[in-house]
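J.: Structure file model.cif (mmCIF, C-alpha atoms and all ligand atoms) right here:
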```cif
data_coords
loop_
_atom_site.label_atom_id
_atom_site.label_comp_id
_atom_site.auth_asym_id
_atom_site.auth_seq_id
_atom_site.Cartn_x
_atom_site.Cartn_y
_atom_site.Cartn_z
CA MET A 1 35.99 15.18 21.90
CA SER A 2 35.31 13.91 18.42
CA SER A 3 34.56 16.43 15.72
CA GLU A 4 33.26 13.78 13.33
CA THR A 5 29.87 14.37 11.78
CA MET A 6 26.98 12.19 10.64
CA ARG A 7 23.94 12.58 8.41
CA ALA A 8 20.59 12.84 10.14
CA ALA A 9 17.00 13.61 9.17
CA VAL A 10 15.89 16.31 11.59
CA PHE A 11 12.21 17.02 12.25
CA LEU A 12 11.87 20.81 12.66
CA GLY A 13 8.10 21.22 12.96
CA PRO A 14 4.92 20.27 11.11
CA GLN A 15 5.73 19.23 7.50
CA GLU A 16 9.37 20.19 7.95
CA MET A 17 12.21 17.70 7.94
CA GLU A 18 15.76 18.43 6.83
CA LEU A 19 18.80 16.28 6.09
CA ARG A 20 21.66 17.76 8.07
CA ASP A 21 25.20 17.10 9.15
CA MET A 22 25.26 16.80 12.91
CA PRO A 23 28.01 15.94 15.39
CA ARG A 24 28.38 12.19 15.57
CA PRO A 25 27.34 11.15 19.10
CA VAL A 26 30.02 10.02 21.55
CA ALA A 27 29.24 7.59 24.39
CA GLY A 28 29.05 9.43 27.71
CA PRO A 29 28.95 7.62 31.07
CA GLY A 30 26.54 4.68 30.92
CA GLU A 31 25.63 5.32 27.27
CA VAL A 32 25.81 3.11 24.18
CA VAL A 33 26.16 4.42 20.62
CA ILE A 34 24.52 2.41 17.86
CA LYS A 35 25.29 2.65 14.15
CA ILE A 36 21.81 2.41 12.62
CA ALA A 37 21.42 -0.30 9.98
CA ALA A 38 17.63 -0.13 9.59
CA CYS A 39 14.83 2.05 10.94
CA ALA A 40 11.26 1.44 9.79
CA VAL A 41 8.72 4.22 9.22
CA CYS A 42 5.74 4.04 11.60
CA GLY A 43 2.32 5.65 11.27
CA THR A 44 3.22 7.61 14.39
CA ASP A 45 6.22 9.17 12.61
CA LEU A 46 3.81 10.33 9.89
CA ARG A 47 1.42 11.73 12.47
CA ILE A 48 4.21 13.70 14.16
CA PHE A 49 5.51 14.93 10.79
CA SER A 50 2.08 16.01 9.59
CA GLY A 51 1.58 18.11 12.72
CA GLY A 52 -0.56 15.85 14.87
CA LYS A 53 0.25 16.64 18.50
CA THR A 54 2.25 13.87 20.12
CA ARG A 55 3.20 14.01 23.77
CA GLY A 56 6.92 14.36 24.43
CA VAL A 57 8.18 15.39 20.98
CA TYR A 58 10.10 18.68 21.00
CA PRO A 59 11.71 19.70 17.68
CA PRO A 60 14.41 19.81 16.48
CA ARG A 61 14.36 16.04 16.88
CA VAL A 62 15.51 12.98 14.94
CA LEU A 63 12.44 10.73 14.68
CA GLY A 64 12.39 6.94 14.17
CA HIS A 65 11.77 4.32 16.86
CA GLU A 66 11.75 0.98 14.97
CA ILE A 67 15.48 0.49 15.25
CA ALA A 68 18.17 -2.08 14.45
CA GLY A 69 21.93 -1.57 14.21
CA SER A 70 25.25 -2.43 15.75
CA VAL A 71 27.16 -1.18 18.77
CA VAL A 72 30.06 1.16 17.91
CA ALA A 73 30.84 2.76 21.30
CA LEU A 74 30.35 1.87 24.96
CA GLY A 75 30.52 4.61 27.59
CA PRO A 76 32.26 4.20 30.95
CA GLY A 77 30.30 2.05 33.40
CA VAL A 78 28.09 0.37 30.80
CA GLU A 79 29.30 -3.12 31.74
CA ALA A 80 27.47 -2.83 35.08
CA HIS A 81 24.15 -2.95 33.22
CA THR A 82 24.59 -4.94 30.01
CA ASP A 83 26.75 -7.67 28.49
CA VAL A 84 26.58 -6.02 25.08
CA ARG A 85 29.89 -5.94 23.16
CA LEU A 86 31.37 -3.67 20.50
CA GLY A 87 30.24 -4.74 17.05
CA GLN A 88 27.22 -6.70 18.34
CA ARG A 89 23.98 -6.32 16.37
CA VAL A 90 21.22 -4.94 18.58
CA ALA A 91 17.62 -3.73 18.51
CA THR A 92 15.97 -1.43 21.05
CA PRO A 93 12.39 -0.89 22.15
CA PRO A 94 11.90 2.89 22.30
CA GLY A 95 10.27 3.36 25.70
CA ILE A 96 12.36 4.07 28.82
CA PRO A 97 10.04 3.36 31.76
CA CYS A 98 10.67 4.93 35.21
CA LEU A 99 10.38 1.54 36.99
CA ALA A 100 9.18 3.31 40.15
CA CYS A 101 5.50 4.09 39.55
CA ARG A 102 2.39 1.96 40.11
CA PHE A 103 2.11 1.22 36.38
CA CYS A 104 5.73 0.07 36.08
CA ASN A 105 5.38 -1.98 39.26
CA THR A 106 2.29 -3.82 38.06
CA GLY A 107 3.52 -4.92 34.62
CA HIS A 108 2.12 -1.95 32.72
CA GLU A 109 5.34 -0.02 32.07
CA ASN A 110 4.00 0.99 28.64
CA LEU A 111 1.48 3.15 30.51
CA CYS A 112 4.14 4.80 32.71
CA ARG A 113 3.51 8.54 32.75
CA ARG A 114 7.20 9.33 33.17
CA ARG A 115 8.15 7.13 30.24
CA ALA A 116 10.44 8.88 27.73
CA ALA A 117 11.14 7.35 24.34
CA LEU A 118 13.80 7.19 21.64
CA GLY A 119 12.56 8.99 18.54
CA TYR A 120 10.28 11.17 20.71
CA ARG A 121 12.02 12.74 23.73
CA TYR A 122 15.44 11.51 22.59
CA ASP A 123 16.88 11.43 19.08
CA GLY A 124 15.92 8.25 17.22
CA GLY A 125 16.95 6.12 14.28
CA PHE A 126 16.61 8.27 11.13
CA ALA A 127 20.33 9.06 11.35
CA GLU A 128 23.62 7.26 10.88
CA TYR A 129 24.17 6.96 14.63
CA MET A 130 22.01 7.08 17.74
CA VAL A 131 22.88 7.22 21.42
CA VAL A 132 20.97 5.09 23.93
CA PRO A 133 20.83 7.21 27.11
CA ALA A 134 22.22 5.76 30.34
CA ALA A 135 18.70 5.34 31.77
CA GLY A 136 17.80 3.21 28.73
CA VAL A 137 20.91 1.05 29.00
CA GLU A 138 20.32 0.60 32.75
CA ARG A 139 16.72 -0.46 32.16
CA GLY A 140 17.62 -3.13 29.64
CA LEU A 141 16.73 -1.53 26.30
CA ILE A 142 19.60 -3.16 24.41
CA PHE A 143 18.53 -6.52 22.93
CA PRO A 144 20.94 -8.65 20.88
CA ILE A 145 19.52 -9.53 17.45
CA PRO A 146 19.37 -13.32 16.92
CA ASP A 147 21.78 -14.48 14.18
CA ARG A 148 19.09 -15.76 11.84
CA LEU A 149 17.37 -12.40 11.76
CA SER A 150 18.39 -9.66 9.31
CA ASP A 151 18.63 -6.03 10.47
CA VAL A 152 15.61 -5.13 8.36
CA GLU A 153 13.53 -7.89 9.97
CA ALA A 154 14.76 -6.88 13.42
CA ALA A 155 13.48 -3.34 12.79
CA LEU A 156 9.97 -4.88 12.81
CA ALA A 157 10.36 -6.04 16.42
CA GLU A 158 8.91 -2.79 17.77
CA PRO A 159 5.63 -2.78 15.82
CA LEU A 160 5.33 -6.54 16.39
CA ALA A 161 5.84 -5.99 20.14
CA CYS A 162 2.90 -3.57 20.10
CA VAL A 163 0.86 -6.22 18.28
CA VAL A 164 1.89 -8.79 20.93
CA ASN A 165 0.53 -6.36 23.54
CA GLY A 166 -2.76 -5.98 21.64
CA HIS A 167 -2.96 -9.72 21.03
CA ARG A 168 -2.76 -10.41 24.75
CA LYS A 169 -5.56 -7.93 25.38
CA SER A 170 -7.73 -9.73 22.81
CA ALA A 171 -7.30 -13.06 24.65
CA VAL A 172 -7.78 -15.14 21.50
CA ALA A 173 -8.72 -18.70 22.50
CA LEU A 174 -8.54 -22.01 20.62
CA GLY A 175 -11.38 -22.21 18.12
CA ASP A 176 -12.16 -18.50 18.07
CA VAL A 177 -13.38 -16.70 15.00
CA VAL A 178 -11.46 -13.43 14.70
CA LEU A 179 -12.24 -10.44 12.50
CA ILE A 180 -9.36 -8.09 11.64
CA ILE A 181 -10.14 -4.69 10.16
CA GLY A 182 -7.33 -3.56 7.84
CA ALA A 183 -4.56 -5.60 6.21
CA GLY A 184 -1.72 -3.10 6.45
CA PRO A 185 1.49 -4.25 8.15
CA ILE A 186 -0.17 -4.17 11.58
CA GLY A 187 -3.28 -6.09 10.49
CA LEU A 188 -1.07 -8.70 8.80
CA MET A 189 0.95 -9.09 12.02
CA HIS A 190 -2.26 -9.59 14.00
CA LEU A 191 -3.41 -12.13 11.42
CA GLN A 192 -0.27 -14.22 11.93
CA LEU A 193 -0.38 -14.05 15.74
CA VAL A 194 -4.06 -14.96 15.82
CA ARG A 195 -3.29 -17.98 13.65
CA LEU A 196 -0.48 -19.02 16.02
CA GLY A 197 -2.90 -18.48 18.92
CA GLY A 198 -5.25 -21.18 17.62
CA ALA A 199 -8.07 -19.22 15.98
CA ARG A 200 -10.38 -21.41 13.91
CA LYS A 201 -11.16 -18.75 11.34
CA VAL A 202 -9.61 -15.38 10.62
CA LEU A 203 -11.69 -12.95 8.58
CA VAL A 204 -9.90 -9.89 7.21
CA SER A 205 -11.65 -6.76 5.95
CA GLU A 206 -9.55 -4.68 3.55
CA PRO A 207 -10.45 -2.55 0.51
CA SER A 208 -7.10 -2.99 -1.31
CA ALA A 209 -6.99 -6.09 -3.55
CA ALA A 210 -3.20 -6.37 -3.25
CA ARG A 211 -3.41 -6.35 0.54
CA ARG A 212 -6.25 -8.89 0.50
CA ARG A 213 -4.10 -11.20 -1.61
CA LEU A 214 -1.29 -10.97 0.92
CA ALA A 215 -3.73 -11.64 3.76
CA ASP A 216 -4.84 -14.79 1.89
CA GLN A 217 -1.22 -15.91 1.59
CA LEU A 218 -0.56 -15.29 5.28
CA GLY A 219 -3.46 -17.45 6.44
CA ALA A 220 -6.73 -15.54 6.28
CA THR A 221 -9.74 -17.86 6.06
CA ARG A 222 -11.69 -15.28 4.13
CA THR A 223 -10.93 -11.75 2.98
CA ILE A 224 -13.70 -9.25 2.52
CA ASP A 225 -13.74 -6.07 0.43
CA PRO A 226 -15.89 -3.79 2.61
CA ASP A 227 -16.62 -1.53 -0.38
CA ALA A 228 -18.13 -4.38 -2.39
CA GLU A 229 -19.46 -6.79 0.24
CA ASP A 230 -21.68 -6.44 3.31
CA LEU A 231 -19.15 -7.04 6.09
CA ALA A 232 -21.74 -7.64 8.81
CA ALA A 233 -23.52 -10.23 6.63
CA ALA A 234 -20.21 -11.99 5.88
CA VAL A 235 -19.35 -12.20 9.59
CA LYS A 236 -22.81 -13.60 10.36
CA GLU A 237 -22.45 -16.18 7.61
CA GLU A 238 -19.06 -17.33 8.98
CA THR A 239 -20.24 -17.53 12.60
CA GLY A 240 -23.67 -19.12 12.33
CA GLY A 241 -25.20 -15.71 13.06
CA ASP A 242 -23.40 -15.20 16.39
CA GLY A 243 -20.76 -12.62 15.45
CA ALA A 244 -16.98 -12.78 15.86
CA ASP A 245 -15.41 -13.88 19.15
CA VAL A 246 -12.73 -11.22 18.75
CA VAL A 247 -12.55 -8.09 16.59
CA VAL A 248 -9.26 -6.23 16.09
CA ALA A 249 -9.33 -2.70 14.64
CA ALA A 250 -5.99 -2.23 12.89
CA ILE A 251 -7.16 1.02 11.31
CA GLY A 252 -8.31 4.05 13.31
CA VAL A 253 -11.58 5.24 11.80
CA PRO A 254 -13.94 6.55 14.52
CA ARG A 255 -17.13 6.06 12.52
CA LEU A 256 -16.43 2.31 12.27
CA VAL A 257 -16.54 1.71 16.02
CA ASN A 258 -20.28 0.95 16.22
CA MET A 259 -20.00 -1.46 13.31
CA LEU A 260 -17.17 -3.29 15.13
CA LEU A 261 -19.28 -3.55 18.28
CA ALA A 262 -22.26 -4.79 16.27
CA VAL A 263 -20.38 -7.66 14.57
CA THR A 264 -18.91 -8.94 17.86
CA ARG A 265 -20.71 -11.89 19.46
CA PRO A 266 -22.31 -11.39 22.90
CA GLY A 267 -19.52 -11.65 25.49
CA GLY A 268 -16.85 -11.11 22.82
CA ARG A 269 -13.78 -8.87 22.84
CA VAL A 270 -12.94 -5.79 20.76
CA ASN A 271 -9.42 -4.36 20.63
CA LEU A 272 -9.09 -0.80 19.36
CA PHE A 273 -5.47 -1.29 18.36
CA ALA A 274 -4.88 1.58 15.93
CA GLY A 275 -4.73 5.15 17.18
CA TYR A 276 -7.27 7.71 15.99
CA SER A 277 -6.01 10.88 14.40
CA GLY A 278 -7.55 14.04 15.83
CA THR A 279 -9.72 13.57 18.91
CA GLY A 280 -11.06 10.18 17.82
CA GLU A 281 -14.48 11.47 18.85
CA THR A 282 -17.51 9.53 17.71
CA THR A 283 -20.95 8.63 19.05
CA VAL A 284 -20.89 5.14 20.53
CA GLU A 285 -24.06 3.09 20.87
CA ALA A 286 -23.37 2.20 24.48
CA ASN A 287 -26.12 -0.43 24.54
CA LEU A 288 -24.13 -2.57 22.14
CA ILE A 289 -21.53 -2.90 24.89
CA HIS A 290 -24.09 -3.07 27.70
CA TYR A 291 -26.47 -5.72 26.37
CA GLY A 292 -23.72 -7.58 24.54
CA GLU A 293 -21.50 -7.70 27.66
CA LEU A 294 -18.63 -6.80 25.37
CA VAL A 295 -15.07 -6.28 26.57
CA VAL A 296 -13.49 -3.30 24.80
CA THR A 297 -9.75 -2.70 25.14
CA GLY A 298 -7.14 -0.35 23.69
CA THR A 299 -3.45 -0.84 22.98
CA ASN A 300 -0.67 1.64 23.70
CA ALA A 301 2.94 0.81 22.75
CA CYS A 302 4.72 -2.18 24.28
CA THR A 303 6.69 -3.39 27.28
CA ARG A 304 10.27 -4.67 27.15
CA GLU A 305 8.88 -8.17 27.63
CA ASP A 306 6.60 -7.72 24.60
CA PHE A 307 9.72 -6.70 22.66
CA ARG A 308 11.63 -9.80 23.79
CA GLN A 309 8.71 -11.97 22.66
CA ALA A 310 8.56 -10.17 19.32
CA LEU A 311 12.25 -10.94 18.66
CA HIS A 312 11.57 -14.61 19.51
CA LEU A 313 8.59 -14.69 17.14
CA LEU A 314 10.57 -13.06 14.32
CA SER A 315 13.45 -15.51 14.68
CA GLY A 316 11.36 -18.60 15.43
CA GLY A 317 10.41 -19.38 11.85
CA GLN A 318 6.60 -19.45 12.25
CA PHE A 319 6.19 -15.74 11.68
CA GLN A 320 6.81 -14.21 8.26
CA ALA A 321 8.36 -10.76 8.37
CA ALA A 322 9.80 -10.53 4.86
CA PRO A 323 6.46 -10.04 3.00
CA LEU A 324 5.68 -7.09 5.30
CA VAL A 325 8.68 -5.04 4.13
CA THR A 326 7.94 -3.69 0.65
CA HIS A 327 10.36 -0.77 0.28
CA ARG A 328 13.88 0.12 1.39
CA PHE A 329 15.38 3.61 1.02
CA PRO A 330 18.70 5.23 1.91
CA LEU A 331 18.49 8.09 4.44
CA GLU A 332 18.84 10.69 1.67
CA GLN A 333 15.43 9.53 0.37
CA ILE A 334 13.58 9.70 3.66
CA ALA A 335 10.98 12.06 2.17
CA GLU A 336 10.10 9.35 -0.34
CA ALA A 337 10.00 6.74 2.43
CA PHE A 338 7.45 8.85 4.31
CA GLU A 339 5.42 9.44 1.15
CA VAL A 340 5.25 5.73 0.23
CA THR A 341 4.06 4.97 3.78
CA ARG A 342 1.50 7.79 3.76
CA SER A 343 0.04 6.85 0.37
CA GLY A 344 -0.43 3.21 1.36
CA ALA A 345 1.59 2.12 -1.70
CA GLY A 346 3.83 0.08 0.58
CA LEU A 347 3.50 -1.93 3.77
CA ARG A 348 6.48 -1.43 6.13
CA VAL A 349 9.00 0.95 4.60
CA VAL A 350 12.54 0.74 5.96
CA VAL A 351 15.19 3.45 5.92
CA GLU A 352 18.79 2.21 5.80
CA PRO A 353 21.09 5.09 6.84
ZN ZN O 401 6.04 2.36 15.69
ZN ZN O 402 6.77 4.26 35.64
#
```
For the file at hand, write its structure as structure tokens.

T.:
Amino acid sequence: MSSETMRAAVFLGPQEMELRDMPRPVAGPGEVVIKIAACAVCGTDLRIFSGGKTRGVYPPRVLGHEIAGSVVALGPGVEAHTDVRLGQRVATPPGIPCLACRFCNTGHENLCRRRAALGYRYDGGFAEYMVVPAAGVERGLIFPIPDRLSDVEAALAEPLACVVNGHRKSAVALGDVVLIIGAGPIGLMHLQLVRLGGARKVLVSEPSAARRRLADQLGATRTIDPDAEDLAAAVKEETGGDGADVVVAAIGVPRLVNMLLAVTRPGGRVNLFAGYSGTGETTVEANLIHYGELVVTGTNACTREDFRQALHLLSGGQFQAAPLVTHRFPLEQIAEAFEVTRSGAGLRVVVEP
């Protein structure tokens, strides 16, 4: 056995994370060890760190599930399940679905109740090395990173895969007018996908001027400062009074839900993409859905197929990842990486162990 060590950021409990030396993982039967090159900080990491209950996270645990790196060890028997080679650059979606339940068998593996995930149940990417368990290797979690994609860009494949999932739920059609609430990294990913999907107009509501500017650059038809402008009036103006065909909530504020329903056209679609901290409880005016015949959907994580599509989008040239990454920190500064994400001073913040 190897007695080599590695540096890792270990989540110990609410508000407690410590940089530690841990044994460097070795590849057991069926396992693959990845040297982490980049791991992006997700809102979910912040929620876990700040004490929000998240299913399947048992400290001490290395968090981080937006992962890119290179293969440094292959366990015995791995070749039966993957063609991956030593030294190859790879990215992994975090979720390991059971592949036996009704959800897995009907294309909804992201909803699998036995799904375990890297950075939740298993140690994740805020460390120098990470092991992909045999079940993950078997179920095809190891994706080669296309040559034209940097490791930092590849670390965005996971959040983009979740956006691909939400985008499909929104069923954006040619000529649609889409309203996106929030121009953080997720809102800006939605904006770009909606553009590629043929939307006629994309309206983006965002209080930060810097984020509105970026939304303009990435193809927004009109950006709206909801603190200074009447959002509902702006949507009416842009849609001849009908309301938006599709509304995407990329921020999770419960008290906004009725407003989202009210600015959607009759028969339109609303995707509640962002999670709600706490219970997410709010009073919904159910008649807005009833009389408007609205279709309201949620989005939870991604499938492996969503992840494959996200890698294609990132490497295809029509999707801009670089403007979404504003900060890069070494592992020793992970506390700062979390703080920059929490404060909203950055968009995607990437840790490079
Ligand atoms: Zn994430
Ligand atoms: Zn399942």

J.: Could you give me, as a PyMOL selection string, the residues within 9 Å of Leu347 (chain A), counting only C-alpha atoms and dropping anything in the same chain fewer than 4 positions from it?

T.: chain A and resi 184-186+211+323-327+340-341

J.: Which protein, DNA or RNA residues have an atom within 8 Å of ligand ZN 402 (chain O), counting all atoms listed in the file, as a VMD selection string?

T.: chain A and resid 97 to 105 109 111 to 115

J.: Which residues of chain A come within 7 Å of ligand ZN 401 (chain O), and what is each one's closest atom pair and distance in Å (one decimal), counting all atoms listed in the file, sorted by chain and residue number, as a tab-separated table?

T.:
```
residue	atom	partner	partner_atom	distance
A:Cys42	CA	O:ZN401	ZN	4.4
A:Gly43	CA	O:ZN401	ZN	6.6
A:Thr44	CA	O:ZN401	ZN	6.1
A:His65	CA	O:ZN401	ZN	6.2
A:Glu66	CA	O:ZN401	ZN	5.9
A:Glu158	CA	O:ZN401	ZN	6.3
A:Pro159	CA	O:ZN401	ZN	5.2
```

J.: Expressed in Å to a single decimal, how great is the separation between CA of Arg222 (chain A) and CA of Ala234 (chain A)?

T.: 9.3 Å

J.: Would you list the residues near (-0.6, -2.2, 16.1) (no more than 10 Å away, in the coordinates of the file, using all atoms listed in the file) as a PyMOL selection string?

T.: chain A and resi 42-43+158-167+184-190+248-251+272-275+299-302

J.: My list of candidates is A:Glu339, A:Glu238, A:Asp21, A:Glu285. Which is closest to Leu260 (chain A) when distances are computed with only C-alpha atoms?

T.: A:Glu285

J.: What does the distance from CA of Ile180 (chain A) to CA of Val204 (chain A) come to in Å, to one decimal?

T.: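 These two atoms are separated by 4.8 Å.
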
J.: List every protein, DNA or RNA residue that has an atom no more than 12 Å from (-1.4, -16.2, 16.5) in the file's coordinate frame, counting all atoms listed in the file, and report them as a PyMOL selection string.

T.: chain A and resi 160+163-164+166-168+170-176+178+187-202+218-220+310+313+318-320

J.: What's the separation between CA of Ala183 (chain A) and CA of Gly278 (chain A), in Å to one decimal place?

T.: 22.1 Å

J.: From the list A:Gly51, A:Pro60, A:Gly30, A:Gly317, which residue is nearest Val132 (chain A) when using all atoms listed in the file?

T.: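 Smallest distance to Val132 (chain A) is found for A:Gly30.
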
J.: List the neighbours of Met130 (chain A) out to 8 Å using all atoms listed in the file; skip same-chain residues closer than 6 positions along the sequence, and give me the result as a PyMOL selection string.

T.: chain A and resi 25+33-36+123-124

J.: I need the residue nearest Gly240 (chain A) from this list: A:Ala38, A:Leu261, A:Val177, A:Val349. Use only C-alpha atoms for the distance.

T.: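 Counting only C-alpha atoms, the residue closest to Gly240 (chain A) is A:Val177.
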
J.: Output region 141-156 of chain A as a compact mmCIF listing (two decimals), keeping the file's coordinate frame, making sure N, CA, C and O atoms are there.

T.:
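Contents of selection_29.txt, freshly written:
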```txt
# COMPACT_ATOMS: atom_id res chain seq x y z
N LEU A 141 17.29 -1.77 27.64
CA LEU A 141 16.73 -1.53 26.30
C LEU A 141 17.54 -2.16 25.17
O LEU A 141 17.09 -2.19 24.03
N ILE A 142 18.74 -2.65 25.48
CA ILE A 142 19.60 -3.16 24.41
C ILE A 142 19.41 -4.67 24.28
O ILE A 142 19.79 -5.44 25.16
N PHE A 143 18.80 -5.09 23.18
CA PHE A 143 18.53 -6.52 22.93
C PHE A 143 19.40 -7.02 21.78
O PHE A 143 19.34 -6.45 20.69
N PRO A 144 20.20 -8.07 21.99
CA PRO A 144 20.94 -8.65 20.88
C PRO A 144 19.98 -9.18 19.81
O PRO A 144 18.92 -9.73 20.15
N ILE A 145 20.34 -9.00 18.55
CA ILE A 145 19.52 -9.53 17.45
C ILE A 145 19.94 -10.97 17.18
O ILE A 145 21.12 -11.23 16.97
N PRO A 146 19.01 -11.92 17.21
CA PRO A 146 19.37 -13.32 16.92
C PRO A 146 20.01 -13.43 15.54
O PRO A 146 19.63 -12.71 14.61
N ASP A 147 20.99 -14.36 15.42
CA ASP A 147 21.78 -14.48 14.18
C ASP A 147 20.94 -14.67 12.93
O ASP A 147 21.26 -14.14 11.87
N ARG A 148 19.84 -15.44 13.06
CA ARG A 148 19.09 -15.76 11.84
C ARG A 148 18.20 -14.61 11.35
O ARG A 148 17.55 -14.72 10.31
N LEU A 149 18.22 -13.53 12.11
CA LEU A 149 17.37 -12.40 11.76
C LEU A 149 18.19 -11.31 11.08
O LEU A 149 19.25 -10.93 11.58
N SER A 150 17.69 -10.77 9.96
CA SER A 150 18.39 -9.66 9.31
C SER A 150 18.09 -8.37 10.08
O SER A 150 17.15 -8.31 10.88
N ASP A 151 18.88 -7.32 9.82
CA ASP A 151 18.63 -6.03 10.47
C ASP A 151 17.26 -5.49 10.09
O ASP A 151 16.54 -4.93 10.92
N VAL A 152 16.90 -5.66 8.82
CA VAL A 152 15.61 -5.13 8.36
C VAL A 152 14.46 -5.84 9.09
O VAL A 152 13.50 -5.21 9.54
N GLU A 153 14.58 -7.16 9.23
CA GLU A 153 13.53 -7.89 9.97
C GLU A 153 13.50 -7.46 11.44
O GLU A 153 12.43 -7.31 12.03
N ALA A 154 14.69 -7.26 12.01
CA ALA A 154 14.76 -6.88 13.42
C ALA A 154 14.11 -5.51 13.66
O ALA A 154 13.60 -5.25 14.75
N ALA A 155 14.12 -4.65 12.64
CA ALA A 155 13.48 -3.34 12.79
C ALA A 155 11.96 -3.48 12.94
O ALA A 155 11.29 -2.54 13.35
N LEU A 156 11.41 -4.67 12.63
CA LEU A 156 9.97 -4.88 12.81
C LEU A 156 9.63 -5.34 14.22
O LEU A 156 8.46 -5.52 14.56
```
